[in-house]
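Colleague: query-v9.pdb is reproduced in full below (PDB, C-alpha atoms, pLDDT in the B column).
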```pdb
ATOM      1  CA  MET A1087       6.659 -21.501  14.177  1.00 47.00           C
ATOM      2  CA  ALA A1088       7.388 -17.837  14.890  1.00 52.00           C
ATOM      3  CA  GLN A1089       4.489 -15.404  14.871  1.00 53.00           C
ATOM      4  CA  PRO A1090       4.844 -12.630  12.258  1.00 59.00           C
ATOM      5  CA  LYS A1091       5.826  -9.250  13.683  1.00 88.00           C
ATOM      6  CA  ALA A1092       2.768  -7.158  14.445  1.00 97.00           C
ATOM      7  CA  ALA A1093       2.153  -4.066  12.353  1.00 97.00           C
ATOM      8  CA  THR A1094      -0.032  -0.980  12.440  1.00 98.00           C
ATOM      9  CA  TRP A1095      -2.112   0.053   9.466  1.00 98.00           C
ATOM     10  CA  TRP A1096      -2.998   3.748   9.917  1.00 98.00           C
ATOM     11  CA  LEU A1097      -6.025   4.596   7.756  1.00 98.00           C
ATOM     12  CA  THR A1098      -6.366   8.356   7.380  1.00 98.00           C
ATOM     13  CA  GLY A1099      -8.844  10.328   5.301  1.00 98.00           C
ATOM     14  CA  LEU A1100     -11.885  12.562   5.358  1.00 97.00           C
ATOM     15  CA  PRO A1101     -14.949  11.711   7.452  1.00 96.00           C
ATOM     16  CA  SER A1102     -17.122   9.100   5.644  1.00 96.00           C
ATOM     17  CA  ALA A1103     -14.263   8.132   3.309  1.00 97.00           C
ATOM     18  CA  GLY A1104     -14.598   4.452   4.259  1.00 97.00           C
ATOM     19  CA  LYS A1105     -11.863   4.108   6.888  1.00 98.00           C
ATOM     20  CA  SER A1106     -13.946   2.110   9.385  1.00 97.00           C
ATOM     21  CA  THR A1107     -15.311  -0.203   6.694  1.00 97.00           C
ATOM     22  CA  LEU A1108     -11.790  -0.887   5.424  1.00 98.00           C
ATOM     23  CA  ALA A1109     -10.502  -1.386   8.971  1.00 98.00           C
ATOM     24  CA  GLN A1110     -13.206  -3.937   9.776  1.00 98.00           C
ATOM     25  CA  ALA A1111     -12.533  -5.885   6.584  1.00 98.00           C
ATOM     26  CA  LEU A1112      -8.755  -5.826   7.104  1.00 98.00           C
ATOM     27  CA  ALA A1113      -9.115  -7.058  10.687  1.00 98.00           C
ATOM     28  CA  VAL A1114     -11.321  -9.947   9.519  1.00 98.00           C
ATOM     29  CA  ALA A1115      -8.755 -10.907   6.865  1.00 98.00           C
ATOM     30  CA  LEU A1116      -5.913 -10.837   9.404  1.00 98.00           C
ATOM     31  CA  ARG A1117      -7.895 -12.976  11.849  1.00 98.00           C
ATOM     32  CA  GLU A1118      -8.731 -15.448   9.074  1.00 97.00           C
ATOM     33  CA  ARG A1119      -4.957 -15.852   8.631  1.00 96.00           C
ATOM     34  CA  GLY A1120      -4.692 -16.654  12.339  1.00 96.00           C
ATOM     35  CA  GLU A1121      -3.194 -13.283  13.281  1.00 97.00           C
ATOM     36  CA  ALA A1122      -4.500 -11.203  16.175  1.00 98.00           C
ATOM     37  CA  ALA A1123      -5.863  -7.804  15.187  1.00 98.00           C
ATOM     38  CA  CYS A1124      -7.478  -4.925  17.046  1.00 98.00           C
ATOM     39  CA  ILE A1125      -9.282  -1.965  15.491  1.00 98.00           C
ATOM     40  CA  ILE A1126      -8.691   1.474  16.961  1.00 98.00           C
ATOM     41  CA  ASP A1127     -11.562   3.534  15.555  1.00 97.00           C
ATOM     42  CA  GLY A1128     -11.571   7.307  15.903  1.00 94.00           C
ATOM     43  CA  ASP A1129     -15.319   7.496  16.576  1.00 91.00           C
ATOM     44  CA  GLU A1130     -15.060   4.877  19.321  1.00 94.00           C
ATOM     45  CA  LEU A1131     -12.087   6.667  20.893  1.00 94.00           C
ATOM     46  CA  ARG A1132     -14.040   9.927  20.914  1.00 92.00           C
ATOM     47  CA  ALA A1133     -16.929   8.178  22.686  1.00 93.00           C
ATOM     48  CA  GLY A1134     -14.719   6.862  25.498  1.00 94.00           C
ATOM     49  CA  LEU A1135     -10.996   7.260  26.030  1.00 92.00           C
ATOM     50  CA  CYS A1136     -10.882  10.631  24.253  1.00 91.00           C
ATOM     51  CA  ASN A1137     -14.270  12.070  25.267  1.00 91.00           C
ATOM     52  CA  ASP A1138     -12.459  14.820  27.163  1.00 95.00           C
ATOM     53  CA  LEU A1139     -10.994  16.240  23.934  1.00 93.00           C
ATOM     54  CA  GLY A1140     -12.364  18.917  21.637  1.00 87.00           C
ATOM     55  CA  PHE A1141     -11.694  19.494  17.958  1.00 88.00           C
ATOM     56  CA  ASP A1142      -9.068  22.231  18.161  1.00 88.00           C
ATOM     57  CA  VAL A1143      -5.594  21.510  16.761  1.00 90.00           C
ATOM     58  CA  SER A1144      -4.041  20.477  20.079  1.00 93.00           C
ATOM     59  CA  SER A1145      -6.983  18.211  21.005  1.00 93.00           C
ATOM     60  CA  ARG A1146      -6.857  16.521  17.617  1.00 94.00           C
ATOM     61  CA  ALA A1147      -3.114  15.944  18.037  1.00 95.00           C
ATOM     62  CA  GLU A1148      -3.692  14.453  21.501  1.00 97.00           C
ATOM     63  CA  ASN A1149      -6.388  12.166  20.073  1.00 97.00           C
ATOM     64  CA  VAL A1150      -3.885  10.889  17.504  1.00 97.00           C
ATOM     65  CA  ARG A1151      -1.177  10.513  20.173  1.00 97.00           C
ATOM     66  CA  ARG A1152      -3.436   8.366  22.346  1.00 98.00           C
ATOM     67  CA  ALA A1153      -4.319   6.132  19.393  1.00 98.00           C
ATOM     68  CA  ALA A1154      -0.625   5.762  18.541  1.00 98.00           C
ATOM     69  CA  HIS A1155       0.218   4.783  22.105  1.00 97.00           C
ATOM     70  CA  MET A1156      -2.504   2.111  22.019  1.00 98.00           C
ATOM     71  CA  ALA A1157      -1.187   0.823  18.683  1.00 98.00           C
ATOM     72  CA  ARG A1158       2.356   0.605  20.053  1.00 97.00           C
ATOM     73  CA  LEU A1159       1.150  -1.373  23.073  1.00 97.00           C
ATOM     74  CA  LEU A1160      -0.817  -3.755  20.866  1.00 98.00           C
ATOM     75  CA  ASN A1161       2.132  -4.279  18.503  1.00 97.00           C
ATOM     76  CA  ALA A1162       4.427  -4.950  21.459  1.00 96.00           C
ATOM     77  CA  ASN A1163       2.036  -7.759  22.418  1.00 96.00           C
ATOM     78  CA  ALA A1164       2.013  -9.336  18.921  1.00 96.00           C
ATOM     79  CA  ILE A1165      -1.357  -7.833  17.987  1.00 98.00           C
ATOM     80  CA  HIS A1166      -1.834  -5.967  14.722  1.00 98.00           C
ATOM     81  CA  ALA A1167      -3.391  -2.522  15.157  1.00 98.00           C
ATOM     82  CA  VAL A1168      -5.734  -1.176  12.505  1.00 98.00           C
ATOM     83  CA  VAL A1169      -6.253   2.525  13.179  1.00 98.00           C
ATOM     84  CA  ALA A1170      -9.173   4.240  11.440  1.00 98.00           C
ATOM     85  CA  MET A1171      -9.259   7.938  12.185  1.00 97.00           C
ATOM     86  CA  VAL A1172      -9.347  11.197  10.244  1.00 97.00           C
ATOM     87  CA  SER A1173      -6.040  12.359  11.795  1.00 97.00           C
ATOM     88  CA  PRO A1174      -5.985  15.508   9.623  1.00 96.00           C
ATOM     89  CA  SER A1175      -2.549  16.872  10.583  1.00 96.00           C
ATOM     90  CA  SER A1176       0.537  15.497   8.855  1.00 97.00           C
ATOM     91  CA  HIS A1177       2.640  16.619  11.834  1.00 97.00           C
ATOM     92  CA  ALA A1178       0.445  14.676  14.303  1.00 97.00           C
ATOM     93  CA  ARG A1179       0.558  11.589  12.064  1.00 98.00           C
ATOM     94  CA  GLU A1180       4.360  11.753  11.858  1.00 97.00           C
ATOM     95  CA  ALA A1181       4.537  12.016  15.651  1.00 98.00           C
ATOM     96  CA  ALA A1182       2.214   8.995  15.888  1.00 98.00           C
ATOM     97  CA  TYR A1183       4.387   6.929  13.565  1.00 98.00           C
ATOM     98  CA  ALA A1184       7.436   7.830  15.655  1.00 98.00           C
ATOM     99  CA  ILE A1185       5.634   6.540  18.772  1.00 98.00           C
ATOM    100  CA  ILE A1186       4.612   3.311  17.043  1.00 97.00           C
ATOM    101  CA  GLY A1187       7.902   2.874  15.218  1.00 96.00           C
ATOM    102  CA  PHE A1188       8.205   3.809  11.545  1.00 95.00           C
ATOM    103  CA  GLU A1189       9.237   0.258  10.644  1.00 95.00           C
ATOM    104  CA  CYS A1190       5.940  -1.123  12.029  1.00 95.00           C
ATOM    105  CA  CYS A1191       3.590   1.454  10.561  1.00 97.00           C
ATOM    106  CA  LYS A1192       1.833   1.450   7.176  1.00 98.00           C
ATOM    107  CA  GLU A1193       0.123   4.724   6.293  1.00 98.00           C
ATOM    108  CA  ILE A1194      -2.970   4.178   4.146  1.00 98.00           C
ATOM    109  CA  HIS A1195      -4.536   7.279   2.630  1.00 98.00           C
ATOM    110  CA  VAL A1196      -8.250   6.661   2.120  1.00 98.00           C
ATOM    111  CA  SER A1197      -8.474   9.200  -0.697  1.00 98.00           C
ATOM    112  CA  THR A1198     -12.208   9.098  -1.412  1.00 97.00           C
ATOM    113  CA  PRO A1199     -13.281  12.469  -2.901  1.00 97.00           C
ATOM    114  CA  LEU A1200     -15.070  14.995  -0.677  1.00 96.00           C
ATOM    115  CA  SER A1201     -18.212  14.882  -2.854  1.00 95.00           C
ATOM    116  CA  VAL A1202     -18.504  11.111  -2.332  1.00 97.00           C
ATOM    117  CA  CYS A1203     -17.881  11.464   1.411  1.00 96.00           C
ATOM    118  CA  GLU A1204     -20.626  14.072   1.668  1.00 95.00           C
ATOM    119  CA  ALA A1205     -23.069  11.936  -0.330  1.00 95.00           C
ATOM    120  CA  ARG A1206     -22.564   8.892   1.931  1.00 93.00           C
ATOM    121  CA  ASP A1207     -22.540  10.810   5.244  1.00 91.00           C
ATOM    122  CA  THR A1208     -25.187   8.978   7.301  1.00 89.00           C
ATOM    123  CA  LYS A1209     -24.638  11.168  10.376  1.00 88.00           C
ATOM    124  CA  GLY A1210     -25.406  14.393   8.524  1.00 90.00           C
ATOM    125  CA  LEU A1211     -22.165  15.995   9.698  1.00 90.00           C
ATOM    126  CA  TYR A1212     -21.295  17.614   6.376  1.00 93.00           C
ATOM    127  CA  ALA A1213     -24.764  19.177   6.045  1.00 90.00           C
ATOM    128  CA  ARG A1214     -24.516  20.523   9.602  1.00 92.00           C
ATOM    129  CA  ALA A1215     -21.022  21.869   8.920  1.00 90.00           C
ATOM    130  CA  ARG A1216     -22.201  23.666   5.777  1.00 89.00           C
ATOM    131  CA  ASN A1217     -24.804  25.472   7.917  1.00 91.00           C
ATOM    132  CA  ASP A1218     -22.704  25.959  11.072  1.00 90.00           C
ATOM    133  CA  HIS A1219     -19.402  27.613  10.195  1.00 83.00           C
ATOM    134  CA  THR A1220     -18.126  27.289  13.777  1.00 86.00           C
ATOM    135  CA  MET A1221     -18.179  23.477  13.652  1.00 87.00           C
ATOM    136  CA  GLN A1222     -14.557  23.009  12.424  1.00 86.00           C
ATOM    137  CA  MET A1223     -15.451  19.942  10.339  1.00 91.00           C
ATOM    138  CA  THR A1224     -12.450  18.424   8.580  1.00 93.00           C
ATOM    139  CA  GLY A1225     -12.838  18.923   4.849  1.00 90.00           C
ATOM    140  CA  VAL A1226     -15.227  21.862   5.292  1.00 92.00           C
ATOM    141  CA  GLN A1227     -13.897  24.453   7.776  1.00 91.00           C
ATOM    142  CA  ALA A1228     -10.829  22.571   9.016  1.00 91.00           C
ATOM    143  CA  ALA A1229      -8.009  21.495   6.742  1.00 92.00           C
ATOM    144  CA  TYR A1230      -7.025  17.927   5.952  1.00 96.00           C
ATOM    145  CA  GLU A1231      -3.340  17.530   5.103  1.00 97.00           C
ATOM    146  CA  MET A1232      -2.988  14.642   2.654  1.00 96.00           C
ATOM    147  CA  PRO A1233      -0.123  12.212   3.222  1.00 97.00           C
ATOM    148  CA  LEU A1234       2.820  12.905   0.905  1.00 95.00           C
ATOM    149  CA  THR A1235       4.198   9.354   0.689  1.00 96.00           C
ATOM    150  CA  PRO A1236       1.628   6.862   1.952  1.00 98.00           C
ATOM    151  CA  ALA A1237       2.235   3.140   1.570  1.00 97.00           C
ATOM    152  CA  LEU A1238      -1.062   2.998  -0.317  1.00 98.00           C
ATOM    153  CA  CYS A1239      -3.895   5.254  -1.558  1.00 98.00           C
ATOM    154  CA  ILE A1240      -7.395   3.811  -1.668  1.00 98.00           C
ATOM    155  CA  ASP A1241     -10.406   5.581  -3.159  1.00 98.00           C
ATOM    156  CA  THR A1242     -13.322   3.553  -1.816  1.00 97.00           C
ATOM    157  CA  SER A1243     -15.574   4.855  -4.586  1.00 97.00           C
ATOM    158  CA  GLN A1244     -13.293   3.245  -7.191  1.00 97.00           C
ATOM    159  CA  ILE A1245     -12.242  -0.099  -5.725  1.00 97.00           C
ATOM    160  CA  GLU A1246     -13.990  -3.177  -4.398  1.00 97.00           C
ATOM    161  CA  LEU A1247     -13.550  -3.868  -0.696  1.00 98.00           C
ATOM    162  CA  ASN A1248     -11.893  -7.277  -1.133  1.00 97.00           C
ATOM    163  CA  VAL A1249      -9.370  -5.827  -3.603  1.00 98.00           C
ATOM    164  CA  ALA A1250      -8.566  -2.975  -1.217  1.00 98.00           C
ATOM    165  CA  VAL A1251      -8.004  -5.446   1.629  1.00 98.00           C
ATOM    166  CA  GLN A1252      -5.597  -7.505  -0.503  1.00 98.00           C
ATOM    167  CA  GLN A1253      -3.700  -4.316  -1.349  1.00 98.00           C
ATOM    168  CA  MET A1254      -3.445  -3.389   2.335  1.00 98.00           C
ATOM    169  CA  LEU A1255      -2.222  -6.875   3.262  1.00 97.00           C
ATOM    170  CA  THR A1256       0.650  -6.549   0.781  1.00 94.00           C
ATOM    171  CA  ALA A1257       1.445  -2.863   1.381  1.00 91.00           C
TER
END
```
The structure given in the file should be rewritten as structure tokens.

Modeller:
Amino acid sequence: MAQPKAATWWLTGLPSAGKSTLAQALAVALRERGEAACIIDGDELRAGLCNDLGFDVSSRAENVRRAAHMARLLNANAIHAVVAMVSPSSHAREAAYAIIGFECCKEIHVSTPLSVCEARDTKGLYARARNDHTMQMTGVQAAYEMPLTPALCIDTSQIELNVAVQQMLTA
């Protein structure tokens, strides 16, 4: 029996929107179906492979490019990639999808409202950004460009996790 073609789910949204939680749940569901899946988490990339990058526009674009390259390599080896990263620039996301291959990529906009993201921020980043205007926090000082035509929009404050995962699996 032929293995299904590997895909990339690119979860983009504000910090604390629920991208990592959704990515973990989606990866579990894929593995339960017997399909290989790897999570590419923006926070984990920043702690290792991308720890040399800042938060200026070009560094953010390079962060996205590196994640896209990893996703392409995984897909080429029959492994689904579940990318969970803010990726605030629509131009950088489009470049990422071109690297991965548009036919393999499913853009998921995690559209949780800013007020909800701030309320659930366990790292205190939003509070720090409100007090430190030089921080360039996405959603506070730095812009987030919403996807224009995502495969799916998920507001994690309005949908149950298992329902969101089923929607992503059929997107």

Colleague: Can you work out which one of A:Cys1124, A:Val1172, A:Ala1162, A:Ala1250 has the shortest atom-to-atom distance to A:Thr1224, counting only C-alpha atoms?

Modeller: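 Distance minimum relative to A:Thr1224 lands on A:Val1172.
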
Colleague: Pick out the closest residue to A:Cys1191 from this set: A:Ala1154, A:Leu1247, A:Leu1234, A:Leu1139. Count only C-alpha atoms.

Modeller: A:Ala1154

Colleague: Let me know the residues the PyMOL selection byres ((chain A and resi 1100) around 7) catches in the file above, as a list in words.

Modeller: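 Selection result, ordered by chain and number: Gly1099, Pro1101, Ser1102, Ala1103, Val1172, Thr1224 and Gly1225 of chain A.
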
Colleague: Only C-alpha atoms, please: the residues just picked out, written as a compact mmCIF listing (two decimals), in the coordinates of the input.

Modeller:
```
# COMPACT_ATOMS: atom_id res chain seq x y z
CA GLY A 1099 -8.84 10.33 5.30
CA PRO A 1101 -14.95 11.71 7.45
CA SER A 1102 -17.12 9.10 5.64
CA ALA A 1103 -14.26 8.13 3.31
CA VAL A 1172 -9.35 11.20 10.24
CA THR A 1224 -12.45 18.42 8.58
CA GLY A 1225 -12.84 18.92 4.85
```

Colleague: To test your reading of the syntax: which residues would the PyMOL selection byres ((chain A and resi 1199-1206) around 12) return for the file shown? Reply as a PyMOL selection string.

Modeller: chain A and resi 1099-1105+1195-1198+1207-1216+1223-1226+1230+1232+1239-1244

Colleague: Record the distance separating atom CA of A:Ser1145 and atom CA of A:Glu1231, expressed in Å with one decimal.

Modeller: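 Result for atom CA of A:Ser1145 versus atom CA of A:Glu1231: 16.3 Å, one decimal.
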
Colleague: Write out as a VMD selection string the residues lying within 12 Å of A:Val1143, counting all atoms listed in the file and excluding same-chain residues fewer than 6 positions away.

Modeller: chain A and resid 1149 to 1150 1173 to 1178 1222 to 1224 1228 to 1230

Colleague: Work out where the centre of an axis-aligned box around every listed atom of stretch 1129-1148 of chain A lies and how long its edges are once 6 Å is added on each side; give both in Å to one decimal as lines of an AutoDock Vina configuration file.

Modeller:
```
center_x = -10.0
center_y = 13.6
center_z = 21.9
size_x = 25.8
size_y = 29.4
size_z = 22.6
```

Colleague: Between atom CA of A:Leu1238 and atom CA of A:Ile1194, measure the distance and give it in Å to one decimal.

Modeller: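 Separating atom CA of A:Leu1238 from atom CA of A:Ile1194 is a distance of 5.0 Å.
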
Colleague: For the structure shown, which residues end up in the PyMOL selection byres ((chain A and resi 1160) around 10)? Put them as a PyMOL selection string, please?

Modeller: chain A and resi 1092-1094+1122-1124+1154-1159+1161-1167+1186

Colleague: Quick one: of A:Arg1132, A:Arg1117, A:Arg1179, A:Arg1146, who's nearest to A:Pro1236, counting all atoms listed in the file?

Modeller: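 Distance minimum relative to A:Pro1236 lands on A:Arg1179.
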
Colleague: Taking into account all atoms listed in the file, which residue in the set A:Arg1151, A:Thr1256, A:Val1251, A:Asp1127 is nearest to A:Leu1112?

Modeller: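 That would be A:Val1251, the residue with the smallest distance to A:Leu1112.
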
Colleague: Could you give me, as a list in words, the residues within 8 Å of A:Trp1096, counting all atoms listed in the file and dropping anything in the same chain fewer than 4 positions from it?

Modeller: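 So the residues in contact are Val1168, Val1169, Ala1170, Met1171, Cys1191, Lys1192, Glu1193 and Ile1194 of chain A.
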
Colleague: Which value, in Å to one decimal, gives the distance between atom CA of A:Ala1111 and atom CA of A:Phe1188?

Modeller: 23.4 Å

Colleague: List as a list of chain:residue names: which residues have an atom within 10 Å of (-16.4, 14.3, 19.3), counting all atoms listed in the file?

Modeller: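 Final list of nearby residues, as requested, is A:Gly1128, A:Asp1129, A:Glu1130, A:Leu1131, A:Arg1132, A:Ala1133, A:Gly1134, A:Cys1136, A:Asn1137, A:Asp1138, A:Leu1139, A:Gly1140, A:Phe1141, A:Arg1146.
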